[in-house]
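Trainee: Provided herewith is a single structure, encoded as structure tokens, for subsequent inquiry.
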Amino acid sequence: MPAAEGSSTDLSGDPSRDDEPRRHAAAESLPAAEAAGGDVIPAAEPPGGPLASPVGRLAVTVERLRHEVQAAHAAADGRALMDLAKGVLVERLHCGPAEAARQLAELAEQSAMTPLELAVDIINQAARDRLTEVAVDFATAVRGTPPAAPAAVSAVRLRTAESSALAAEDTQAVADSLLQHALEPLGATGVAIWAAGADGSLTLAGSSGFPEGEAERWCYVPPGVATVARTALTERRPEWIRSLAASGPPSIGRTHHPDGGRVAVPTGVGGRIHGVLEICWPTPLVPQPPAVVRQFEALAELCAHTLEIHSPSTLPLDGPPPRSGLSELADLADSLYDPTLVLTPQVDDTGHLTDFRIHHVNHRFRDPAGRPRSTVDGALLLEAYPLAADENGLFSHLERVYATGEPFRAGHMTLTALVDQVPLSSVAEVSMTRHGDSVLLIWRIEDEMARLANLLEHAQRLGRIGGFEENFVTGEITWNSQLFALYGRAETDGPAPVEELRAHAHPDDAVTIGRFLRTVLHHRKPASAAFRLLRPDGVTRHIRVVAEPVVDIDDSLLAVRGAYQDVSAQHWTEVALAATRDQLAHSEQQSAERNRLALQLQQAIMPSTAAPLDAPGLRTAVRYRPAETDHLVGGDWYDAVVLPSKHILLSVGDVAGHGIEAATSMVVLRNALRGLAVTGAGPAQLLSWLNSVAHHLSDSVTATAVCALYDPSSRVLRWARAGHLPPVLVRDGQATTLPLLKGLLLGAASDITYQEEEMRLEIGDTLLMYTDGLVERRDRSMEESLKHLLVTASAKKTTLDQRLDHLLTYSRSDTDDDTCIISIEVM
């Protein structure tokens, strides 16, 4: 090396020729110490002062020696840069070391620079590396400033830090050098160098500026723990945090500087991230200029080379040579039952990752294009499988795993290969892990035989008689022969979709089946239900159905699997046991009887469905869903009746509370509204009268209601509300709520005036009136629930009954409250 030759000859050359360079070298010591962060030795106390004692003189001596050691270290760093610059001049001027030293001194004197600053400038021109670019950027940023030459000082500090880091014996010394020479002048008080493990963990390889014991507490960060360095490693970009107290995750030194700022920069070479450089400030971090940002990136690149050089070695000193990691990884791949590839990275001249080479293919591998293993083995991944370069495809995940070391697994990932220029796709379970500098790629293809075998195993595990699977992606429905026999259907008739289960069940079981379908299809949870199956041959069977959904990683419904079991014999046994338990639990019978009477009263007045009204040009439908449990019997009601004036009264309401009191109050208000409507008054007047009934003629009853009068001849709808949710109008496939009219709930005050509005309906319009049990949720606002209702109501359905069944099935309510829906469709 030229620098080494210049340094050796300079020390043993002719003294007569070396006097002037030596004088300049002596003059360099102080600037070098200042540039490297050295301190000026303080003056001693005057005679007779506090230091006149032996202890005081000893303290002064210790302090002087400490400063001399620091100055010696700084001078050594400066001499290293000077020797390197002399070597460059020897190579370029074709002269000896002494002549190079003289030329360096003369050039420094002519350029009004210190020899150390000129040496750094010569090194930058010769190197043309990342530090050179940083120095140039910094010089451009400070151009026009006073001749204090901050650009030169910055370049000296960066080169000094680089020289000290390259000469350091471990990463800890590198951290000390970076903080002392490059980061303390920028206000930083701490630096941590993290080494990234193959499993995604972080190990503290070196730190400086933190209190004693902090490095021991943060020596290891397990995979998946969120820290400042973890965020930079995962995102593969610098992480800037103004204040840890405001928004930052935990990190080293936070307890001592809770309001300080942090910068974490990934350190990578050749497409692989070796670790993270984390810099700490004691106060909130202000935005940094681009030149300083480039300095941080250059220091991170220096740390990457340091981590690569000073990585721990486990090579034995004697015995047989160890096996290479690639051969062990190939043996591991051969022991797996799934197709496996061992991939090694390929980088270009600039150090960027361009591709992976298929180093090894295990014996279970089968190429989708039918090529032999020898053709794929040793080829580049993107040459063998070009479609892997898709933006969100295989290659991007491999690149991330190689860079960060964090494994990647996907339950359902699409793999595409070209077979005779035709792309063929298959769904597979994929696993990617990094081992040293290699990546292990494993996948398991989901084929038809495995799916059918899984279906059979699933049916046997649950002990079912008839198994089924319905694929919502392809629309394919699979039944076994036993399920056709259970339904009494011929196999030529084909299977029935699970959504049509109500059509094959007893009408009284519609509510139970509706809850079952909501749980499986909408909430994506396993569910079971017992119902009565009505077969085509007139035989009724008690059936238990159990099903569970199959979802992807985004929780999208892919399929539903399950089975039916004939439990008729068990049903009658359970009926007998239930009768025996009722006799033994006499203390609970009165409460159960009370709830049963309330439920019967409710069902007598409001069945789950009602006969359609005899009104020309109008189709009506109603639904009533009681509460999930009997003791929550509520006071929801609906009503649809043709008045003597041929107008149609439509109303829904909800009495506050549960139990027999709420049910009887509901009967009072519902019948009172029917009687008042005969007078021919409008909806607002009817609600005003009904409020008087609730306030004066009943025992503190409060309720909400919506009342509407529809004229079939003119298609005009007049309506008013009393604290109730507004009706929904579906027109041209779009659902909207009617205006939120003013109106206090019934029974709240003695004299209330209600607002009334009218609108003309068009042919094809659908009007929905409902109670809050359809939309109310404990964890969502009513505005969000209404938005979901409008989306659900906009779904295209053939009949009005199907629309109401769809609303009940996909309702998001979770308050276990009653639900009433009444709907009209203009024809």
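Scheme for the structure tokens: letters A, B, ... for chains in order shown; per-chain residue numbers from 1; ligand numbers from 1 in order shown.
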Counting only C-alpha atoms, what is within 9 Å of A:Asp765, bar same-chain residues fewer than 6 positions away, as number ranges by chain?

Mentor: A: 729-732, 824-827

Trainee: Please write the residues from the selection above to a file, keeping N, CA, C and O atoms, as a PDB file, in the first residue's frame.

Mentor:
```pdb
ATOM      1  N   LEU A 729     -85.079   3.690   2.824  1.00  0.00           N
ATOM      2  CA  LEU A 729     -85.691   3.598   1.495  1.00  0.00           C
ATOM      3  C   LEU A 729     -84.670   3.017   0.534  1.00  0.00           C
ATOM      4  O   LEU A 729     -83.547   3.514   0.442  1.00  0.00           O
ATOM      5  N   VAL A 730     -85.048   1.937  -0.176  1.00  0.00           N
ATOM      6  CA  VAL A 730     -84.201   1.317  -1.185  1.00  0.00           C
ATOM      7  C   VAL A 730     -84.781   1.666  -2.552  1.00  0.00           C
ATOM      8  O   VAL A 730     -85.884   1.243  -2.890  1.00  0.00           O
ATOM      9  N   ARG A 731     -84.015   2.451  -3.311  1.00  0.00           N
ATOM     10  CA  ARG A 731     -84.478   2.888  -4.635  1.00  0.00           C
ATOM     11  C   ARG A 731     -83.341   2.692  -5.630  1.00  0.00           C
ATOM     12  O   ARG A 731     -82.224   3.169  -5.387  1.00  0.00           O
ATOM     13  N   ASP A 732     -83.630   1.990  -6.709  1.00  0.00           N
ATOM     14  CA  ASP A 732     -82.634   1.723  -7.767  1.00  0.00           C
ATOM     15  C   ASP A 732     -81.382   1.060  -7.203  1.00  0.00           C
ATOM     16  O   ASP A 732     -80.250   1.350  -7.594  1.00  0.00           O
ATOM     17  N   ILE A 824     -92.428  -2.698   2.903  1.00  0.00           N
ATOM     18  CA  ILE A 824     -93.385  -2.641   1.791  1.00  0.00           C
ATOM     19  C   ILE A 824     -92.621  -2.423   0.512  1.00  0.00           C
ATOM     20  O   ILE A 824     -91.563  -1.789   0.501  1.00  0.00           O
ATOM     21  N   GLU A 825     -93.133  -2.969  -0.574  1.00  0.00           N
ATOM     22  CA  GLU A 825     -92.541  -2.807  -1.899  1.00  0.00           C
ATOM     23  C   GLU A 825     -93.632  -2.348  -2.847  1.00  0.00           C
ATOM     24  O   GLU A 825     -94.684  -2.992  -2.981  1.00  0.00           O
ATOM     25  N   VAL A 826     -93.412  -1.206  -3.501  1.00  0.00           N
ATOM     26  CA  VAL A 826     -94.396  -0.631  -4.421  1.00  0.00           C
ATOM     27  C   VAL A 826     -94.283  -1.348  -5.760  1.00  0.00           C
ATOM     28  O   VAL A 826     -93.206  -1.443  -6.335  1.00  0.00           O
ATOM     29  N   MET A 827     -95.422  -1.830  -6.248  1.00  0.00           N
ATOM     30  CA  MET A 827     -95.427  -2.560  -7.528  1.00  0.00           C
ATOM     31  C   MET A 827     -96.143  -1.734  -8.597  1.00  0.00           C
ATOM     32  O   MET A 827     -96.976  -0.880  -8.312  1.00  0.00           O
TER      33      MET A 827
END
```

Trainee: Which distance in Å separates atom CA of A:Leu687 and atom CA of A:Asp654, to one decimal?

Mentor: 13.7 Å

Trainee: Return the single residue from A:Leu744, A:Asp818, A:Gly514, A:Pro739 that is closest to A:His806, with distances computed using only C-alpha atoms.

Mentor: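 Smallest separation from A:His806 among the options: A:Gly514.
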
Trainee: Per DSSP on the backbone, filter stretch 601-769 of chain A down to the residues in helix (DSSP H, G or I) and report them as a CSV table (one decimal) with all heavy atoms, in the first residue's frame.

Mentor:
```csv
chain,number,residue,atom,x,y,z
A,601,LEU,N,-97.2,-14.5,24.7
A,601,LEU,CA,-97.9,-13.3,24.4
A,601,LEU,C,-97.3,-12.5,23.2
A,601,LEU,O,-98.0,-12.1,22.3
A,601,LEU,CB,-98.0,-12.4,25.6
A,601,LEU,CG,-98.7,-11.0,25.5
A,601,LEU,CD1,-100.2,-11.2,25.1
A,601,LEU,CD2,-98.6,-10.2,26.7
A,602,GLN,N,-96.0,-12.4,23.2
A,602,GLN,CA,-95.3,-11.7,22.2
A,602,GLN,C,-95.5,-12.4,20.8
A,602,GLN,O,-95.8,-11.8,19.8
A,602,GLN,CB,-93.9,-11.6,22.5
A,602,GLN,CG,-93.1,-10.4,21.9
A,602,GLN,CD,-91.8,-10.3,22.5
A,602,GLN,OE1,-91.1,-11.3,22.7
A,602,GLN,NE2,-91.3,-9.1,22.7
A,603,GLN,N,-95.4,-13.8,20.8
A,603,GLN,CA,-95.5,-14.5,19.6
A,603,GLN,C,-96.9,-14.6,19.1
A,603,GLN,O,-97.2,-14.6,17.9
A,603,GLN,CB,-95.0,-15.9,19.8
A,603,GLN,CG,-93.5,-16.0,20.0
A,603,GLN,CD,-93.0,-17.4,20.3
A,603,GLN,OE1,-93.8,-18.3,20.6
A,603,GLN,NE2,-91.7,-17.6,20.2
A,604,ALA,N,-97.9,-14.5,20.0
A,604,ALA,CA,-99.3,-14.5,19.6
A,604,ALA,C,-99.7,-13.2,18.9
A,604,ALA,O,-100.4,-13.2,17.9
A,604,ALA,CB,-100.2,-14.7,20.8
A,605,ILE,N,-99.1,-12.1,19.3
A,605,ILE,CA,-99.4,-10.8,18.7
A,605,ILE,C,-98.5,-10.6,17.5
A,605,ILE,O,-99.0,-10.1,16.4
A,605,ILE,CB,-99.2,-9.7,19.7
A,605,ILE,CG1,-100.1,-9.9,20.9
A,605,ILE,CG2,-99.4,-8.3,19.1
A,605,ILE,CD1,-99.9,-8.9,22.0
A,630,ASP,N,-84.7,-16.4,26.9
A,630,ASP,CA,-86.1,-16.2,27.2
A,630,ASP,C,-86.3,-15.1,28.2
A,630,ASP,O,-87.2,-14.3,28.2
A,630,ASP,CB,-86.7,-17.5,27.8
A,630,ASP,CG,-86.8,-18.6,26.7
A,630,ASP,OD1,-86.6,-18.2,25.5
A,630,ASP,OD2,-86.9,-19.7,27.0
A,631,HIS,N,-85.3,-14.9,29.2
A,631,HIS,CA,-85.5,-13.9,30.2
A,631,HIS,C,-85.3,-12.5,29.7
A,631,HIS,O,-85.6,-11.5,30.4
A,631,HIS,CB,-84.6,-14.1,31.4
A,631,HIS,CG,-83.1,-13.8,31.1
A,631,HIS,ND1,-82.3,-14.7,30.4
A,631,HIS,CD2,-82.4,-12.7,31.3
A,631,HIS,CE1,-81.1,-14.2,30.3
A,631,HIS,NE2,-81.1,-13.0,30.8
A,632,LEU,N,-84.9,-12.3,28.4
A,632,LEU,CA,-84.8,-11.0,27.8
A,632,LEU,C,-85.9,-10.7,26.9
A,632,LEU,O,-85.8,-9.9,26.0
A,632,LEU,CB,-83.5,-10.9,27.1
A,632,LEU,CG,-82.2,-10.9,27.9
A,632,LEU,CD1,-81.0,-10.8,27.0
A,632,LEU,CD2,-82.2,-9.8,28.9
A,660,ILE,N,-92.5,-9.6,31.4
A,660,ILE,CA,-94.0,-9.5,31.1
A,660,ILE,C,-94.5,-8.1,31.1
A,660,ILE,O,-95.4,-7.8,30.4
A,660,ILE,CB,-94.7,-10.4,32.2
A,660,ILE,CG1,-96.1,-10.5,31.9
A,660,ILE,CG2,-94.5,-9.8,33.6
A,660,ILE,CD1,-96.4,-11.4,30.6
A,661,GLU,N,-93.9,-7.2,31.9
A,661,GLU,CA,-94.3,-5.8,32.0
A,661,GLU,C,-94.1,-5.1,30.6
A,661,GLU,O,-95.0,-4.4,30.1
A,661,GLU,CB,-93.6,-5.0,33.0
A,661,GLU,CG,-93.9,-5.4,34.5
A,661,GLU,CD,-93.1,-6.6,34.9
A,661,GLU,OE1,-92.2,-7.1,34.1
A,661,GLU,OE2,-93.2,-7.1,36.0
A,662,ALA,N,-92.9,-5.3,30.0
A,662,ALA,CA,-92.7,-4.8,28.7
A,662,ALA,C,-93.6,-5.3,27.6
A,662,ALA,O,-94.1,-4.6,26.8
A,662,ALA,CB,-91.2,-5.0,28.3
A,663,ALA,N,-93.9,-6.7,27.7
A,663,ALA,CA,-94.8,-7.3,26.7
A,663,ALA,C,-96.2,-6.7,26.9
A,663,ALA,O,-96.8,-6.5,25.8
A,663,ALA,CB,-94.7,-8.8,26.9
A,664,THR,N,-96.7,-6.6,28.1
A,664,THR,CA,-98.1,-6.1,28.3
A,664,THR,C,-98.2,-4.6,27.9
A,664,THR,O,-99.2,-4.2,27.3
A,664,THR,CB,-98.5,-6.3,29.7
A,664,THR,OG1,-97.5,-5.7,30.6
A,664,THR,CG2,-98.7,-7.7,30.0
A,665,SER,N,-97.1,-3.8,28.2
A,665,SER,CA,-97.1,-2.4,27.7
A,665,SER,C,-97.1,-2.3,26.2
A,665,SER,O,-97.7,-1.4,25.6
A,665,SER,CB,-95.9,-1.7,28.3
A,665,SER,OG,-95.9,-1.7,29.7
A,666,MET,N,-96.4,-3.2,25.6
A,666,MET,CA,-96.3,-3.2,24.1
A,666,MET,C,-97.7,-3.5,23.6
A,666,MET,O,-98.2,-2.8,22.6
A,666,MET,CB,-95.4,-4.3,23.6
A,666,MET,CG,-95.4,-4.6,22.1
A,666,MET,SD,-96.5,-5.9,21.6
A,666,MET,CE,-95.7,-7.3,22.4
A,667,VAL,N,-98.5,-4.4,24.2
A,667,VAL,CA,-99.9,-4.7,23.7
A,667,VAL,C,-100.7,-3.5,23.8
A,667,VAL,O,-101.5,-3.1,23.0
A,667,VAL,CB,-100.4,-5.9,24.5
A,667,VAL,CG1,-101.9,-6.1,24.1
A,667,VAL,CG2,-99.6,-7.1,24.2
A,668,VAL,N,-100.6,-2.7,25.0
A,668,VAL,CA,-101.4,-1.5,25.2
A,668,VAL,C,-101.1,-0.5,24.1
A,668,VAL,O,-102.1,0.0,23.5
A,668,VAL,CB,-101.1,-1.0,26.6
A,668,VAL,CG1,-101.8,0.4,26.8
A,668,VAL,CG2,-101.6,-1.9,27.7
A,669,LEU,N,-99.9,-0.2,23.9
A,669,LEU,CA,-99.5,0.9,22.9
A,669,LEU,C,-99.9,0.4,21.5
A,669,LEU,O,-100.4,1.3,20.7
A,669,LEU,CB,-98.1,1.2,23.0
A,669,LEU,CG,-97.6,1.8,24.3
A,669,LEU,CD1,-96.1,2.1,24.2
A,669,LEU,CD2,-98.4,3.1,24.6
A,670,ARG,N,-99.7,-0.8,21.1
A,670,ARG,CA,-100.0,-1.3,19.8
A,670,ARG,C,-101.5,-1.2,19.5
A,670,ARG,O,-101.9,-0.7,18.4
A,670,ARG,CB,-99.5,-2.7,19.6
A,670,ARG,CG,-99.7,-3.3,18.2
A,670,ARG,CD,-99.0,-4.7,18.2
A,670,ARG,NE,-99.2,-5.3,16.9
A,670,ARG,CZ,-100.2,-6.1,16.5
A,670,ARG,NH1,-101.1,-6.4,17.4
A,670,ARG,NH2,-100.2,-6.7,15.3
A,671,ASN,N,-102.3,-1.7,20.4
A,671,ASN,CA,-103.7,-1.7,20.2
A,671,ASN,C,-104.3,-0.2,20.3
A,671,ASN,O,-105.2,0.1,19.6
A,671,ASN,CB,-104.4,-2.5,21.3
A,671,ASN,CG,-104.1,-4.0,21.0
A,671,ASN,OD1,-103.7,-4.4,20.0
A,671,ASN,ND2,-104.3,-4.8,22.1
A,672,ALA,N,-103.7,0.6,21.2
A,672,ALA,CA,-104.1,2.0,21.2
A,672,ALA,C,-103.9,2.7,19.9
A,672,ALA,O,-104.7,3.5,19.4
A,672,ALA,CB,-103.4,2.7,22.4
A,673,LEU,N,-102.7,2.5,19.3
A,673,LEU,CA,-102.4,3.1,18.0
A,673,LEU,C,-103.4,2.6,16.9
A,673,LEU,O,-103.8,3.5,16.1
A,673,LEU,CB,-100.9,2.8,17.6
A,673,LEU,CG,-100.4,3.4,16.3
A,673,LEU,CD1,-100.5,5.0,16.4
A,673,LEU,CD2,-99.0,3.0,16.0
A,674,ARG,N,-103.7,1.4,16.9
A,674,ARG,CA,-104.7,0.9,16.0
A,674,ARG,C,-106.1,1.6,16.1
A,674,ARG,O,-106.7,2.1,15.1
A,674,ARG,CB,-104.9,-0.6,16.1
A,674,ARG,CG,-104.0,-1.5,15.4
A,674,ARG,CD,-104.5,-2.9,15.3
A,674,ARG,NE,-103.6,-3.7,14.5
A,674,ARG,CZ,-103.9,-4.9,14.1
A,674,ARG,NH1,-105.1,-5.5,14.4
A,674,ARG,NH2,-103.1,-5.6,13.3
A,675,GLY,N,-106.5,1.8,17.4
A,675,GLY,CA,-107.8,2.5,17.6
A,675,GLY,C,-107.7,3.9,17.2
A,675,GLY,O,-108.7,4.5,16.6
A,676,LEU,N,-106.6,4.6,17.6
A,676,LEU,CA,-106.5,6.0,17.2
A,676,LEU,C,-106.4,6.2,15.7
A,676,LEU,O,-106.9,7.3,15.2
A,676,LEU,CB,-105.3,6.6,17.9
A,676,LEU,CG,-105.3,6.7,19.4
A,676,LEU,CD1,-104.0,7.1,20.0
A,676,LEU,CD2,-106.4,7.7,19.9
A,677,ALA,N,-105.9,5.3,15.0
A,677,ALA,CA,-105.7,5.5,13.5
A,677,ALA,C,-107.0,5.5,12.8
A,677,ALA,O,-107.1,6.0,11.7
A,677,ALA,CB,-104.8,4.4,13.0
A,683,PRO,N,-99.9,10.9,11.0
A,683,PRO,CA,-99.0,10.3,11.9
A,683,PRO,C,-98.5,11.1,13.1
A,683,PRO,O,-98.3,10.6,14.2
A,683,PRO,CB,-97.8,9.9,11.0
A,683,PRO,CG,-98.4,9.9,9.6
A,683,PRO,CD,-99.5,10.9,9.6
A,684,ALA,N,-98.3,12.4,12.9
A,684,ALA,CA,-97.8,13.2,14.0
A,684,ALA,C,-98.8,13.3,15.1
A,684,ALA,O,-98.5,13.2,16.3
A,684,ALA,CB,-97.4,14.6,13.5
A,685,GLN,N,-100.1,13.5,14.7
A,685,GLN,CA,-101.2,13.6,15.7
A,685,GLN,C,-101.4,12.2,16.4
A,685,GLN,O,-101.6,12.2,17.6
A,685,GLN,CB,-102.5,14.0,15.0
A,685,GLN,CG,-103.7,14.2,16.0
A,685,GLN,CD,-103.4,15.3,17.0
A,685,GLN,OE1,-103.1,16.4,16.6
A,685,GLN,NE2,-103.5,15.0,18.2
A,686,LEU,N,-101.3,11.2,15.6
A,686,LEU,CA,-101.4,9.8,16.3
A,686,LEU,C,-100.3,9.6,17.3
A,686,LEU,O,-100.6,9.1,18.4
A,686,LEU,CB,-101.3,8.7,15.2
A,686,LEU,CG,-102.5,8.7,14.2
A,686,LEU,CD1,-102.2,7.6,13.2
A,686,LEU,CD2,-103.8,8.4,14.9
A,687,LEU,N,-99.1,10.0,17.0
A,687,LEU,CA,-98.0,9.9,18.0
A,687,LEU,C,-98.2,10.8,19.2
A,687,LEU,O,-97.9,10.4,20.4
A,687,LEU,CB,-96.7,10.2,17.4
A,687,LEU,CG,-96.1,9.1,16.4
A,687,LEU,CD1,-94.8,9.5,15.9
A,687,LEU,CD2,-96.0,7.7,17.1
A,688,SER,N,-98.8,12.0,19.0
A,688,SER,CA,-99.1,12.9,20.1
A,688,SER,C,-100.1,12.3,21.0
A,688,SER,O,-100.0,12.3,22.3
A,688,SER,CB,-99.6,14.2,19.6
A,688,SER,OG,-99.8,15.1,20.6
A,689,TRP,N,-101.2,11.7,20.5
A,689,TRP,CA,-102.2,11.0,21.3
A,689,TRP,C,-101.6,9.8,22.0
A,689,TRP,O,-101.9,9.5,23.2
A,689,TRP,CB,-103.4,10.6,20.4
A,689,TRP,CG,-104.2,11.7,20.0
A,689,TRP,CD1,-104.3,13.0,20.6
A,689,TRP,CD2,-105.1,11.8,18.9
A,689,TRP,NE1,-105.2,13.8,19.9
A,689,TRP,CE2,-105.7,13.1,18.8
A,689,TRP,CE3,-105.4,10.9,17.9
A,689,TRP,CZ2,-106.6,13.5,17.9
A,689,TRP,CZ3,-106.4,11.3,16.9
A,689,TRP,CH2,-106.9,12.6,16.9
A,690,LEU,N,-100.8,9.0,21.3
A,690,LEU,CA,-100.2,7.8,21.9
A,690,LEU,C,-99.2,8.2,23.0
A,690,LEU,O,-99.1,7.5,24.0
A,690,LEU,CB,-99.4,7.0,20.8
A,690,LEU,CG,-99.0,5.6,21.2
A,690,LEU,CD1,-100.2,4.8,21.4
A,690,LEU,CD2,-98.2,5.0,20.0
A,691,ASN,N,-98.6,9.4,22.9
A,691,ASN,CA,-97.7,9.8,24.0
A,691,ASN,C,-98.6,10.1,25.3
A,691,ASN,O,-98.2,9.8,26.4
A,691,ASN,CB,-97.0,11.1,23.6
A,691,ASN,CG,-96.2,11.7,24.7
A,691,ASN,OD1,-95.2,11.2,25.2
A,691,ASN,ND2,-96.7,12.9,25.2
A,692,SER,N,-99.8,10.7,25.1
A,692,SER,CA,-100.7,10.9,26.2
A,692,SER,C,-101.1,9.6,26.8
A,692,SER,O,-101.2,9.4,28.1
A,692,SER,CB,-101.9,11.7,25.8
A,692,SER,OG,-101.6,12.9,25.2
A,693,VAL,N,-101.4,8.6,26.0
A,693,VAL,CA,-101.7,7.2,26.6
A,693,VAL,C,-100.5,6.7,27.4
A,693,VAL,O,-100.7,6.2,28.5
A,693,VAL,CB,-102.0,6.3,25.4
A,693,VAL,CG1,-102.2,4.8,25.9
A,693,VAL,CG2,-103.3,6.7,24.7
A,694,ALA,N,-99.3,6.8,26.9
A,694,ALA,CA,-98.1,6.3,27.6
A,694,ALA,C,-97.9,7.1,28.8
A,694,ALA,O,-97.4,6.5,29.9
A,694,ALA,CB,-96.9,6.3,26.7
A,695,HIS,N,-98.1,8.4,28.9
A,695,HIS,CA,-97.8,9.2,30.0
A,695,HIS,C,-98.8,9.2,31.1
A,695,HIS,O,-98.5,9.2,32.3
A,695,HIS,CB,-97.6,10.7,29.5
A,695,HIS,CG,-97.0,11.6,30.6
A,695,HIS,ND1,-95.7,11.5,31.0
A,695,HIS,CD2,-97.7,12.5,31.4
A,695,HIS,CE1,-95.6,12.4,32.0
A,695,HIS,NE2,-96.7,13.0,32.2
A,696,HIS,N,-100.1,9.2,30.7
A,696,HIS,CA,-101.2,9.3,31.7
A,696,HIS,C,-101.9,8.0,32.0
A,696,HIS,O,-102.3,7.8,33.2
A,696,HIS,CB,-102.3,10.3,31.2
A,696,HIS,CG,-101.7,11.7,31.0
A,696,HIS,ND1,-101.4,12.5,32.1
A,696,HIS,CD2,-101.4,12.4,29.9
A,696,HIS,CE1,-100.9,13.7,31.6
A,696,HIS,NE2,-100.9,13.7,30.3
```

Trainee: Using only C-alpha atoms, find the one residue out of A:Ser431, A:Ser177, A:Gln482, A:Thr809 that sits nearest to A:Asp338.

Mentor: A:Ser431

Trainee: Please give the complete set of residues from stretch 215-285 of chain A that DSSP, run on the backbone, assigns to strand (DSSP E or B), formatted as an NGL selection string.

Mentor: :A and (220-221 or 239-241 or 262-269 or 272-280)

Trainee: Only N, CA, C and O atoms, please: the residues just picked out, written as a compact mmCIF listing (two decimals), in the first residue's frame.

Mentor:
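File produced: part-v1.txt:
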```
# COMPACT_ATOMS: atom_id res chain seq x y z
N TYR A 220 -29.70 -8.36 24.49
CA TYR A 220 -30.37 -9.23 23.51
C TYR A 220 -31.84 -8.83 23.45
O TYR A 220 -32.50 -8.65 24.49
N VAL A 221 -32.37 -8.69 22.24
CA VAL A 221 -33.79 -8.40 21.99
C VAL A 221 -34.37 -9.57 21.20
O VAL A 221 -33.97 -9.80 20.06
N GLU A 239 -35.37 5.10 10.68
CA GLU A 239 -36.49 5.43 11.56
C GLU A 239 -36.12 6.68 12.36
O GLU A 239 -35.17 6.69 13.14
N TRP A 240 -36.88 7.76 12.15
CA TRP A 240 -36.62 9.03 12.83
C TRP A 240 -37.70 9.24 13.88
O TRP A 240 -38.89 9.22 13.57
N ILE A 241 -37.30 9.45 15.12
CA ILE A 241 -38.23 9.66 16.22
C ILE A 241 -37.84 10.97 16.90
O ILE A 241 -36.73 11.09 17.43
N ARG A 262 -34.30 9.92 18.63
CA ARG A 262 -33.55 8.75 18.17
C ARG A 262 -33.55 8.70 16.65
O ARG A 262 -34.50 9.13 15.99
N VAL A 263 -32.46 8.14 16.11
CA VAL A 263 -32.36 7.80 14.70
C VAL A 263 -31.81 6.39 14.61
O VAL A 263 -30.79 6.08 15.22
N ALA A 264 -32.52 5.51 13.91
CA ALA A 264 -32.07 4.13 13.70
C ALA A 264 -31.93 3.91 12.20
O ALA A 264 -32.90 4.05 11.45
N VAL A 265 -30.72 3.56 11.76
CA VAL A 265 -30.42 3.40 10.33
C VAL A 265 -29.99 1.95 10.09
O VAL A 265 -29.06 1.46 10.73
N PRO A 266 -30.66 1.20 9.19
CA PRO A 266 -30.23 -0.17 8.88
C PRO A 266 -28.83 -0.16 8.27
O PRO A 266 -28.49 0.70 7.46
N THR A 267 -28.02 -1.13 8.65
CA THR A 267 -26.66 -1.26 8.12
C THR A 267 -26.64 -2.50 7.24
O THR A 267 -26.77 -3.62 7.73
N GLY A 268 -26.47 -2.31 5.95
CA GLY A 268 -26.53 -3.44 5.02
C GLY A 268 -25.48 -3.36 3.95
O GLY A 268 -25.04 -2.28 3.55
N VAL A 269 -25.10 -4.54 3.47
CA VAL A 269 -24.15 -4.68 2.37
C VAL A 269 -24.64 -5.81 1.48
O VAL A 269 -24.98 -6.89 1.97
N ARG A 272 -28.24 -7.44 2.03
CA ARG A 272 -28.54 -8.05 3.31
C ARG A 272 -28.27 -7.05 4.43
O ARG A 272 -27.24 -6.37 4.43
N ILE A 273 -29.19 -6.95 5.35
CA ILE A 273 -29.05 -6.06 6.49
C ILE A 273 -28.35 -6.82 7.61
O ILE A 273 -28.87 -7.82 8.11
N HIS A 274 -27.17 -6.35 8.00
CA HIS A 274 -26.42 -7.00 9.07
C HIS A 274 -26.82 -6.51 10.45
O HIS A 274 -26.57 -7.20 11.45
N GLY A 275 -27.39 -5.34 10.53
CA GLY A 275 -27.77 -4.81 11.83
C GLY A 275 -28.35 -3.42 11.69
O GLY A 275 -28.79 -3.00 10.62
N VAL A 276 -28.31 -2.67 12.81
CA VAL A 276 -28.90 -1.33 12.86
C VAL A 276 -27.97 -0.44 13.67
O VAL A 276 -27.46 -0.85 14.73
N LEU A 277 -27.75 0.78 13.18
CA LEU A 277 -27.02 1.81 13.92
C LEU A 277 -28.06 2.74 14.55
O LEU A 277 -28.84 3.37 13.85
N GLU A 278 -28.05 2.83 15.90
CA GLU A 278 -29.01 3.66 16.62
C GLU A 278 -28.26 4.78 17.33
O GLU A 278 -27.29 4.54 18.05
N ILE A 279 -28.71 6.03 17.12
CA ILE A 279 -28.06 7.22 17.66
C ILE A 279 -29.04 7.91 18.60
O ILE A 279 -30.23 8.03 18.28
N CYS A 280 -28.54 8.35 19.76
CA CYS A 280 -29.38 8.89 20.82
C CYS A 280 -29.04 10.34 21.08
O CYS A 280 -27.85 10.72 21.12
```
